[in-house]
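Following: one structure in structure tokens, then a few remarks.
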Amino acid sequence: MYVPDKFRKQGVGRRLIEEALRYARTRADTTITQLTVTAGNTPALSLYESAGFVQFGTEPFAVRIGTEYVSKVHMWCSHSLYAHMDLGLGDRTE
């Protein structure tokens, strides 16, 4: 997921992750959601952690960008844990 600069700090990322988790919970055999985030991306890490994601490891040299490599932080979220969390967004049906 990526939010362009002009849409940041408007709750767009939070709404996207909430909707992704809401959809994932509707899938009968899906019990967790996993993702990776670029190491050092503090705003994204904070967003995911506030949505119930937990870090479980870092993959060094995960992606090459030009001549440089970046590490990826692996995270997971239990759907049963998320179902009990209130992200303060209310019930969205749109």
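Chain labels A, B, ... are given in the sequence in which chains occur in the structure tokens; within each chain residues are numbered consecutively from 1, and ligands are likewise numbered from 1 in the order shown.
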Could you give me the residues within chain A that DSSP places in strand (DSSP E), as a PyMOL selection string? chain A and resi 32-38+54-65+68-78
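Every protein or nucleic acid residue with an atom no more than 10 Å from A:Thr33, counting only C-alpha atoms and leaving out same-chain residues fewer than 3 positions away, appears here: Ala20, Leu21, Ala24, Arg25, Thr30, Phe53, Met75, Trp76, Cys77, Ser78 and His79 of chain A.
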Atoms kept (C-alpha atoms) for selection, written as a tab-separated table (two decimals), in the first residue's frame:
```tsv
chain	number	residue	atom	x	y	z
A	20	ALA	CA	-8.11	-4.43	3.99
A	21	LEU	CA	-8.40	-6.04	7.42
A	24	ALA	CA	-9.66	-10.26	5.19
A	25	ARG	CA	-11.89	-11.09	8.17
A	30	THR	CA	-8.10	-16.47	6.76
A	53	PHE	CA	0.18	-5.58	13.56
A	75	MET	CA	4.53	-7.91	10.45
A	76	TRP	CA	1.38	-9.91	11.16
A	77	CYS	CA	-2.06	-9.19	12.58
A	78	SER	CA	-4.43	-11.72	14.13
A	79	HIS	CA	-7.97	-11.22	12.84
```
Looking only at the backbone, which of the residues in chain A does DSSP tag as helix (DSSP H, G or I), as an MDAnalysis selection string? chainID A and resid 5:7 12:26 42:50 79:83
Pairwise distance for atom CA of A:Ser71 and atom CA of A:Val3, rounded to one decimal in Å: 19.8 Å
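The space separating atom CA of A:Ile65 from atom CA of A:Phe7 comes to 24.1 Å.
Note that the spacing between atom CA of A:Arg27 and atom CA of A:Glu49 amounts to 22.1 Å.
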May I have the residues within 12 Å of A:Tyr69 as number ranges by chain, using only C-alpha atoms and disregarding those fewer than 3 positions away in the same chain? A: 38-39, 59-66, 72
For A:Leu47, list every protein, DNA or RNA residue within 8 Å, evaluated using only C-alpha atoms, and leave out those in the same chain fewer than 3 positions away; present the list as a list in words.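 With the cut-off at 8 Å, the set is Gly13, Arg14, Pro43, Ala44, Ser50 and Ala51 of chain A.
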Dump as an mmCIF file, in the first residue's frame, selection limited to N, CA and C atoms:
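Done, and the output landed in out04.cif:
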```cif
data_model
loop_
_atom_site.group_PDB
_atom_site.id
_atom_site.type_symbol
_atom_site.label_atom_id
_atom_site.label_comp_id
_atom_site.auth_asym_id
_atom_site.auth_seq_id
_atom_site.Cartn_x
_atom_site.Cartn_y
_atom_site.Cartn_z
ATOM 1 N N GLY A 13 -4.309 6.336 4.770
ATOM 2 C CA GLY A 13 -3.627 5.066 5.050
ATOM 3 C C GLY A 13 -4.372 4.252 6.091
ATOM 4 N N ARG A 14 -4.857 4.910 7.128
ATOM 5 C CA ARG A 14 -5.608 4.222 8.186
ATOM 6 C C ARG A 14 -6.884 3.605 7.625
ATOM 7 N N PRO A 43 6.514 6.274 10.079
ATOM 8 C CA PRO A 43 5.070 6.519 10.016
ATOM 9 C C PRO A 43 4.275 5.262 9.657
ATOM 10 N N ALA A 44 4.762 4.482 8.699
ATOM 11 C CA ALA A 44 4.051 3.258 8.300
ATOM 12 C C ALA A 44 4.090 2.228 9.424
ATOM 13 N N SER A 50 -0.563 0.436 15.255
ATOM 14 C CA SER A 50 -1.807 0.939 15.844
ATOM 15 C C SER A 50 -3.016 0.143 15.355
ATOM 16 N N ALA A 51 -2.871 -0.534 14.219
ATOM 17 C CA ALA A 51 -3.950 -1.372 13.679
ATOM 18 C C ALA A 51 -3.866 -2.808 14.183
#
```
